[in-house]
Amino acid sequence: MHGRLMSSFARIAALCALSLTVAQGAHAQHVPDMVTTDVLRVCGDPGNMPFSERKEDGFENKIAAIIADELKVKVRYYWLTQGPGFVRNTLGTGLCDLIMGQAFGSDLVQTTNPYYRSAYTLVTRSGEFDGIEALDDPRLKGKSVGVIAGTPPVNRMGEVGLVSSMKAYAPYQLDPSRNYQTVGAEIVGALAAKEIDAAVLWGPAAGWLAKQSGTAMRVVPLLREPQRPPMAYRIAMGVRIGENDWKRSLNTILRKRKADIDAVLRAFDVPLLDDEENKLAEPGER
């Protein structure tokens with residue numbers, strides 16, 4: 001641990017002491033953010049392309065670099081594989097001050113304003129199932145559709161009768177001998193190898209993975225599904241609960257550098273939706 005990093009117990013004690021300070025007059029004591037100011041400390045997954053990677057070539061890495069550029073500091077990463085306890089063992093222990101790519105409104109962290117909105121997608125091999133734009137299309141009945149277990153599309157697939165033939169993949173791939181970096185990559189690989197007929201994946205991963213697969217594929221955002229379960233999400237950054245000054249600083253940067261962030265997202269084939277309507281946003285619209 002570098003010198004400026006308190007132990008988790010010391011940080012908790014400091015927060016408690018500050019929160020119990022008696023207010024003078026009508027103004028309560030302000031609890032300062034405990035954010036390192038000489039470097040942007042980001043916690044990320046070292047093998048989760050296209051989002052992040054130790055080589056810092058994922059789109060979240062590039063967006064973090066934009067934030068750091070605006071702050072006039074360097075980025076310092078603390079790496080931990082995504083899985084249960086990720087937030088608790090990163091932000092929660094004070095290892096970092098920022099997590100990229102959090103669903104807006106998450107109750108595990110305090111979120112910034114969203115910096116993009118995207119949707120789950122249907123991925124098929126080009127020339128097969130062309131024209132399908134919704135999960136209730138009868139052409140999908142009885143087909144093997146790959147999906148990550150526990151994700152929102154599974155519930156919708158149950159409603160339209162696709163569960164009996166779908167192939168659900170475990171959400172975390174922790175076996176060190178695995179053939180693919182992520183579960184999403186494994187599913188796209190199975191689609192390319194014709195082991196499954198189609199896949200339903202989170203759009204920001206699907207677009208890039210489909211292009212990397214070496215097989216011509218169509219990636220269709222699921223924009224015609226009912227509102228529940230939701231298929232579209234706003235994505236923000238996560239900071240510690242109560243660090244409001246830090247959140248406001250990030251929100252200012254997100255507004256200022258919006259065009260740069262959008263350019264990164266589009267370069268990685270992220271399906272970007274209109275901020276309010278379920279339709280794809282044209283460049284410069286959001």
# chains A, B, ... in the order shown; residues from 1 in each chain; ligands from 1
call {"tool": "residues_around", "arguments": {"residues": "stretch 111-124 of chain A", "least_positions_apart": "3", "cutoff": "7 Å", "atoms": "only C-alpha atoms", "output": "PyMOL selection string"}}
result
chain A and resi 104-106+128-129+198-203+217-222+231-239+247+250-251+254+271-273+275
call {"tool": "residues_around", "arguments": {"residues": "stretch 150-153 of chain A", "least_positions_apart": "4", "cutoff": "7 Å", "atoms": "only C-alpha atoms", "output": "ChimeraX atom specification"}}
result
/A:157,229-231
call {"tool": "residues_around", "arguments": {"residues": "A:Val188", "least_positions_apart": "2", "cutoff": "12 Å", "atoms": "only C-alpha atoms", "output": "mmCIF file with N, CA, C and O atoms, in the first residue's frame"}}
result
data_model
loop_
_atom_site.group_PDB
_atom_site.id
_atom_site.type_symbol
_atom_site.label_atom_id
_atom_site.label_comp_id
_atom_site.auth_asym_id
_atom_site.auth_seq_id
_atom_site.Cartn_x
_atom_site.Cartn_y
_atom_site.Cartn_z
ATOM 1 N N LEU A 122 -29.388 -9.329 -30.098
ATOM 2 C CA LEU A 122 -29.452 -10.662 -30.680
ATOM 3 C C LEU A 122 -28.327 -10.769 -31.691
ATOM 4 O O LEU A 122 -28.216 -9.938 -32.600
ATOM 5 N N VAL A 123 -27.492 -11.785 -31.543
ATOM 6 C CA VAL A 123 -26.344 -11.978 -32.434
ATOM 7 C C VAL A 123 -26.578 -13.256 -33.242
ATOM 8 O O VAL A 123 -26.843 -14.325 -32.674
ATOM 9 N N THR A 124 -26.482 -13.137 -34.554
ATOM 10 C CA THR A 124 -26.671 -14.284 -35.446
ATOM 11 C C THR A 124 -25.600 -14.265 -36.532
ATOM 12 O O THR A 124 -24.976 -13.238 -36.779
ATOM 13 N N ARG A 125 -25.404 -15.416 -37.164
ATOM 14 C CA ARG A 125 -24.511 -15.448 -38.318
ATOM 15 C C ARG A 125 -25.205 -14.769 -39.493
ATOM 16 O O ARG A 125 -26.407 -14.951 -39.717
ATOM 17 N N VAL A 145 -30.117 -21.003 -28.370
ATOM 18 C CA VAL A 145 -29.721 -19.596 -28.215
ATOM 19 C C VAL A 145 -28.834 -19.478 -26.978
ATOM 20 O O VAL A 145 -29.252 -19.776 -25.864
ATOM 21 N N GLY A 146 -27.601 -19.040 -27.178
ATOM 22 C CA GLY A 146 -26.679 -18.878 -26.063
ATOM 23 C C GLY A 146 -26.951 -17.601 -25.297
ATOM 24 O O GLY A 146 -27.223 -16.557 -25.885
ATOM 25 N N VAL A 147 -26.864 -17.688 -23.972
ATOM 26 C CA VAL A 147 -27.122 -16.532 -23.114
ATOM 27 C C VAL A 147 -26.390 -16.755 -21.802
ATOM 28 O O VAL A 147 -26.165 -17.900 -21.383
ATOM 29 N N ILE A 148 -25.993 -15.679 -21.142
ATOM 30 C CA ILE A 148 -25.334 -15.788 -19.842
ATOM 31 C C ILE A 148 -26.395 -15.933 -18.762
ATOM 32 O O ILE A 148 -27.310 -15.118 -18.655
ATOM 33 N N TYR A 169 -24.954 -20.162 -20.129
ATOM 34 C CA TYR A 169 -23.548 -20.258 -19.745
ATOM 35 C C TYR A 169 -23.365 -19.647 -18.352
ATOM 36 O O TYR A 169 -23.964 -18.623 -18.034
ATOM 37 N N TYR A 180 -11.268 -19.082 -23.600
ATOM 38 C CA TYR A 180 -11.682 -17.727 -23.939
ATOM 39 C C TYR A 180 -11.477 -16.809 -22.737
ATOM 40 O O TYR A 180 -11.587 -17.239 -21.584
ATOM 41 N N GLN A 181 -11.242 -15.532 -23.013
ATOM 42 C CA GLN A 181 -11.006 -14.582 -21.937
ATOM 43 C C GLN A 181 -12.266 -14.329 -21.117
ATOM 44 O O GLN A 181 -12.195 -14.147 -19.904
ATOM 45 N N THR A 182 -13.433 -14.294 -21.778
ATOM 46 C CA THR A 182 -14.688 -14.010 -21.096
ATOM 47 C C THR A 182 -15.768 -14.993 -21.525
ATOM 48 O O THR A 182 -15.631 -15.691 -22.545
ATOM 49 N N VAL A 183 -16.848 -15.019 -20.779
ATOM 50 C CA VAL A 183 -17.989 -15.865 -21.135
ATOM 51 C C VAL A 183 -18.612 -15.382 -22.437
ATOM 52 O O VAL A 183 -19.012 -16.181 -23.287
ATOM 53 N N GLY A 184 -18.709 -14.072 -22.611
ATOM 54 C CA GLY A 184 -19.251 -13.532 -23.854
ATOM 55 C C GLY A 184 -18.450 -13.991 -25.057
ATOM 56 O O GLY A 184 -19.011 -14.348 -26.103
ATOM 57 N N ALA A 185 -17.108 -13.993 -24.933
ATOM 58 C CA ALA A 185 -16.260 -14.457 -26.030
ATOM 59 C C ALA A 185 -16.489 -15.940 -26.295
ATOM 60 O O ALA A 185 -16.475 -16.382 -27.456
ATOM 61 N N GLU A 186 -16.706 -16.714 -25.250
ATOM 62 C CA GLU A 186 -16.989 -18.144 -25.419
ATOM 63 C C GLU A 186 -18.287 -18.353 -26.200
ATOM 64 O O GLU A 186 -18.372 -19.206 -27.093
ATOM 65 N N ALA A 190 -18.768 -20.057 -29.835
ATOM 66 C CA ALA A 190 -19.682 -21.171 -30.105
ATOM 67 C C ALA A 190 -20.595 -20.858 -31.290
ATOM 68 O O ALA A 190 -20.915 -21.736 -32.097
ATOM 69 N N LEU A 191 -20.999 -19.600 -31.416
ATOM 70 C CA LEU A 191 -21.837 -19.197 -32.544
ATOM 71 C C LEU A 191 -21.045 -19.285 -33.846
ATOM 72 O O LEU A 191 -21.552 -19.788 -34.864
ATOM 73 N N ALA A 192 -19.812 -18.842 -33.827
ATOM 74 C CA ALA A 192 -18.973 -18.917 -35.026
ATOM 75 C C ALA A 192 -18.738 -20.372 -35.444
ATOM 76 O O ALA A 192 -18.672 -20.686 -36.638
ATOM 77 N N ALA A 193 -18.628 -21.258 -34.460
ATOM 78 C CA ALA A 193 -18.383 -22.676 -34.731
ATOM 79 C C ALA A 193 -19.670 -23.452 -35.030
ATOM 80 O O ALA A 193 -19.624 -24.670 -35.206
ATOM 81 N N LYS A 194 -20.799 -22.761 -35.050
ATOM 82 C CA LYS A 194 -22.108 -23.348 -35.319
ATOM 83 C C LYS A 194 -22.524 -24.381 -34.264
ATOM 84 O O LYS A 194 -23.253 -25.320 -34.544
ATOM 85 N N GLU A 195 -22.041 -24.162 -33.040
ATOM 86 C CA GLU A 195 -22.469 -25.000 -31.918
ATOM 87 C C GLU A 195 -23.794 -24.515 -31.348
ATOM 88 O O GLU A 195 -24.494 -25.266 -30.660
ATOM 89 N N ILE A 196 -24.125 -23.261 -31.588
ATOM 90 C CA ILE A 196 -25.419 -22.699 -31.216
ATOM 91 C C ILE A 196 -25.943 -21.929 -32.426
ATOM 92 O O ILE A 196 -25.187 -21.617 -33.354
ATOM 93 N N ASP A 197 -27.241 -21.627 -32.416
ATOM 94 C CA ASP A 197 -27.867 -20.968 -33.567
ATOM 95 C C ASP A 197 -27.848 -19.446 -33.470
ATOM 96 O O ASP A 197 -27.874 -18.750 -34.493
ATOM 97 N N ALA A 198 -27.846 -18.926 -32.254
ATOM 98 C CA ALA A 198 -27.899 -17.476 -32.032
ATOM 99 C C ALA A 198 -27.428 -17.198 -30.614
ATOM 100 O O ALA A 198 -27.186 -18.128 -29.826
ATOM 101 N N ALA A 199 -27.270 -15.933 -30.283
ATOM 102 C CA ALA A 199 -26.863 -15.549 -28.936
ATOM 103 C C ALA A 199 -27.559 -14.255 -28.547
ATOM 104 O O ALA A 199 -27.896 -13.440 -29.408
ATOM 105 N N VAL A 200 -27.777 -14.092 -27.252
ATOM 106 C CA VAL A 200 -28.318 -12.836 -26.713
ATOM 107 C C VAL A 200 -27.289 -12.309 -25.720
ATOM 108 O O VAL A 200 -27.038 -12.925 -24.688
ATOM 109 N N LEU A 201 -26.669 -11.177 -26.061
ATOM 110 C CA LEU A 201 -25.561 -10.655 -25.271
ATOM 111 C C LEU A 201 -25.693 -9.144 -25.087
ATOM 112 O O LEU A 201 -26.311 -8.456 -25.898
ATOM 113 N N TRP A 202 -25.070 -8.648 -24.030
ATOM 114 C CA TRP A 202 -25.001 -7.212 -23.764
ATOM 115 C C TRP A 202 -24.295 -6.550 -24.937
ATOM 116 O O TRP A 202 -23.173 -6.905 -25.316
ATOM 117 N N ALA A 205 -20.474 -5.509 -25.421
ATOM 118 C CA ALA A 205 -19.543 -6.621 -25.639
ATOM 119 C C ALA A 205 -19.780 -7.264 -26.990
ATOM 120 O O ALA A 205 -18.835 -7.633 -27.698
ATOM 121 N N ALA A 206 -21.043 -7.399 -27.384
ATOM 122 C CA ALA A 206 -21.398 -8.164 -28.579
ATOM 123 C C ALA A 206 -20.824 -7.587 -29.855
ATOM 124 O O ALA A 206 -20.317 -8.322 -30.716
ATOM 125 N N GLY A 207 -20.882 -6.276 -30.026
ATOM 126 C CA GLY A 207 -20.429 -5.674 -31.270
ATOM 127 C C GLY A 207 -18.964 -5.949 -31.543
ATOM 128 O O GLY A 207 -18.583 -6.369 -32.647
ATOM 129 N N TRP A 208 -18.129 -5.736 -30.538
ATOM 130 C CA TRP A 208 -16.691 -5.945 -30.702
ATOM 131 C C TRP A 208 -16.362 -7.419 -30.856
ATOM 132 O O TRP A 208 -15.559 -7.808 -31.717
ATOM 133 N N LEU A 209 -16.977 -8.274 -30.027
ATOM 134 C CA LEU A 209 -16.697 -9.713 -30.088
ATOM 135 C C LEU A 209 -17.105 -10.303 -31.428
ATOM 136 O O LEU A 209 -16.403 -11.156 -31.979
ATOM 137 N N ALA A 210 -18.246 -9.855 -31.966
ATOM 138 C CA ALA A 210 -18.700 -10.357 -33.266
ATOM 139 C C ALA A 210 -17.692 -10.009 -34.351
ATOM 140 O O ALA A 210 -17.369 -10.836 -35.217
ATOM 141 N N LYS A 211 -17.171 -8.785 -34.302
ATOM 142 C CA LYS A 211 -16.204 -8.372 -35.318
ATOM 143 C C LYS A 211 -14.902 -9.148 -35.194
ATOM 144 O O LYS A 211 -14.244 -9.446 -36.198
ATOM 145 N N GLN A 212 -14.522 -9.502 -33.964
ATOM 146 C CA GLN A 212 -13.276 -10.226 -33.739
ATOM 147 C C GLN A 212 -13.382 -11.713 -34.045
ATOM 148 O O GLN A 212 -12.363 -12.410 -34.097
ATOM 149 N N SER A 213 -14.591 -12.214 -34.230
ATOM 150 C CA SER A 213 -14.812 -13.659 -34.337
ATOM 151 C C SER A 213 -14.283 -14.285 -35.620
ATOM 152 O O SER A 213 -14.066 -15.493 -35.685
ATOM 153 N N GLY A 214 -14.103 -13.486 -36.674
ATOM 154 C CA GLY A 214 -13.697 -14.029 -37.958
ATOM 155 C C GLY A 214 -14.849 -14.585 -38.773
ATOM 156 O O GLY A 214 -14.643 -15.098 -39.878
ATOM 157 N N THR A 215 -16.056 -14.491 -38.241
ATOM 158 C CA THR A 215 -17.265 -14.933 -38.941
ATOM 159 C C THR A 215 -18.195 -13.740 -39.107
ATOM 160 O O THR A 215 -18.375 -12.967 -38.159
ATOM 161 N N ALA A 216 -18.775 -13.597 -40.289
ATOM 162 C CA ALA A 216 -19.706 -12.483 -40.508
ATOM 163 C C ALA A 216 -20.942 -12.663 -39.631
ATOM 164 O O ALA A 216 -21.593 -13.714 -39.682
ATOM 165 N N MET A 217 -21.251 -11.665 -38.819
ATOM 166 C CA MET A 217 -22.373 -11.748 -37.884
ATOM 167 C C MET A 217 -23.192 -10.467 -37.913
ATOM 168 O O MET A 217 -22.691 -9.395 -38.245
ATOM 169 N N ARG A 218 -24.463 -10.610 -37.539
ATOM 170 C CA ARG A 218 -25.362 -9.469 -37.363
ATOM 171 C C ARG A 218 -25.593 -9.270 -35.875
ATOM 172 O O ARG A 218 -25.843 -10.239 -35.151
ATOM 173 N N VAL A 219 -25.514 -8.030 -35.427
ATOM 174 C CA VAL A 219 -25.759 -7.685 -34.022
ATOM 175 C C VAL A 219 -26.933 -6.721 -34.005
ATOM 176 O O VAL A 219 -26.811 -5.574 -34.444
#
call {"tool": "closest_residue", "arguments": {"among": "A:Met100, A:Gly127, A:Leu162, A:Gly47", "to": "A:Ile63", "atoms": "only C-alpha atoms"}}
result
A:Met100
call {"tool": "closest_residue", "arguments": {"among": "A:Ile66, A:Glu53, A:Asn244, A:Arg139", "to": "A:Asp260", "atoms": "only C-alpha atoms"}}
result
A:Ile66
call {"tool": "select_by_dssp", "arguments": {"residues": "stretch 89-217 of chain A", "states": "strand (DSSP E or B)", "output": "NGL selection string"}}
result
:A and (98-103 or 110-111 or 116-125 or 145-148 or 167-169 or 198-202 or 217)
call {"tool": "write_last_selection", "arguments": {"atoms": "C-alpha atoms", "output": "compact mmCIF listing (two decimals), in the first residue's frame"}}
result
# COMPACT_ATOMS: atom_id res chain seq x y z
CA LEU A 98 -13.31 4.88 -9.44
CA ILE A 99 -14.94 1.87 -11.09
CA MET A 100 -15.87 2.17 -14.73
CA GLY A 101 -19.00 0.77 -16.34
CA GLN A 102 -21.57 0.63 -13.53
CA ALA A 103 -25.32 0.45 -14.16
CA GLN A 110 -22.77 6.04 -5.87
CA THR A 111 -23.01 6.56 -9.61
CA TYR A 116 -23.84 6.08 -22.46
CA ARG A 117 -26.97 4.01 -22.89
CA SER A 118 -27.04 0.65 -24.64
CA ALA A 119 -29.07 -2.55 -24.90
CA TYR A 120 -28.91 -6.30 -25.06
CA THR A 121 -28.62 -7.64 -28.58
CA LEU A 122 -29.45 -10.66 -30.68
CA VAL A 123 -26.34 -11.98 -32.43
CA THR A 124 -26.67 -14.28 -35.45
CA ARG A 125 -24.51 -15.45 -38.32
CA VAL A 145 -29.72 -19.60 -28.22
CA GLY A 146 -26.68 -18.88 -26.06
CA VAL A 147 -27.12 -16.53 -23.11
CA ILE A 148 -25.33 -15.79 -19.84
CA LYS A 167 -27.98 -22.78 -23.75
CA ALA A 168 -27.21 -20.94 -20.52
CA TYR A 169 -23.55 -20.26 -19.74
CA ALA A 198 -27.90 -17.48 -32.03
CA ALA A 199 -26.86 -15.55 -28.94
CA VAL A 200 -28.32 -12.84 -26.71
CA LEU A 201 -25.56 -10.65 -25.27
CA TRP A 202 -25.00 -7.21 -23.76
CA MET A 217 -22.37 -11.75 -37.88
call {"tool": "closest_residue", "arguments": {"among": "A:Gly58, A:Gly142, A:Gly44, A:Pro50", "to": "A:Thr90", "atoms": "only C-alpha atoms"}}
result
A:Gly44
call {"tool": "atom_distance", "arguments": {"atom1": "atom CA of A:Phe59", "atom2": "atom CA of A:Tyr77"}}
result
14.6 Å
call {"tool": "atom_distance", "arguments": {"atom1": "atom CA of A:Lys72", "atom2": "atom CA of A:Met49"}}
result
26.2 Å
call {"tool": "select_by_dssp", "arguments": {"residues": "stretch 141-244 of chain A", "states": "alpha helix (DSSP H)", "output": "VMD selection string"}}
result
chain A and resid 152 to 159 183 to 192 203 to 212 244
call {"tool": "closest_residue", "arguments": {"among": "A:Ala267, A:Arg41, A:Cys96, A:Pro84", "to": "A:Pro283", "atoms": "only C-alpha atoms"}}
result
A:Ala267
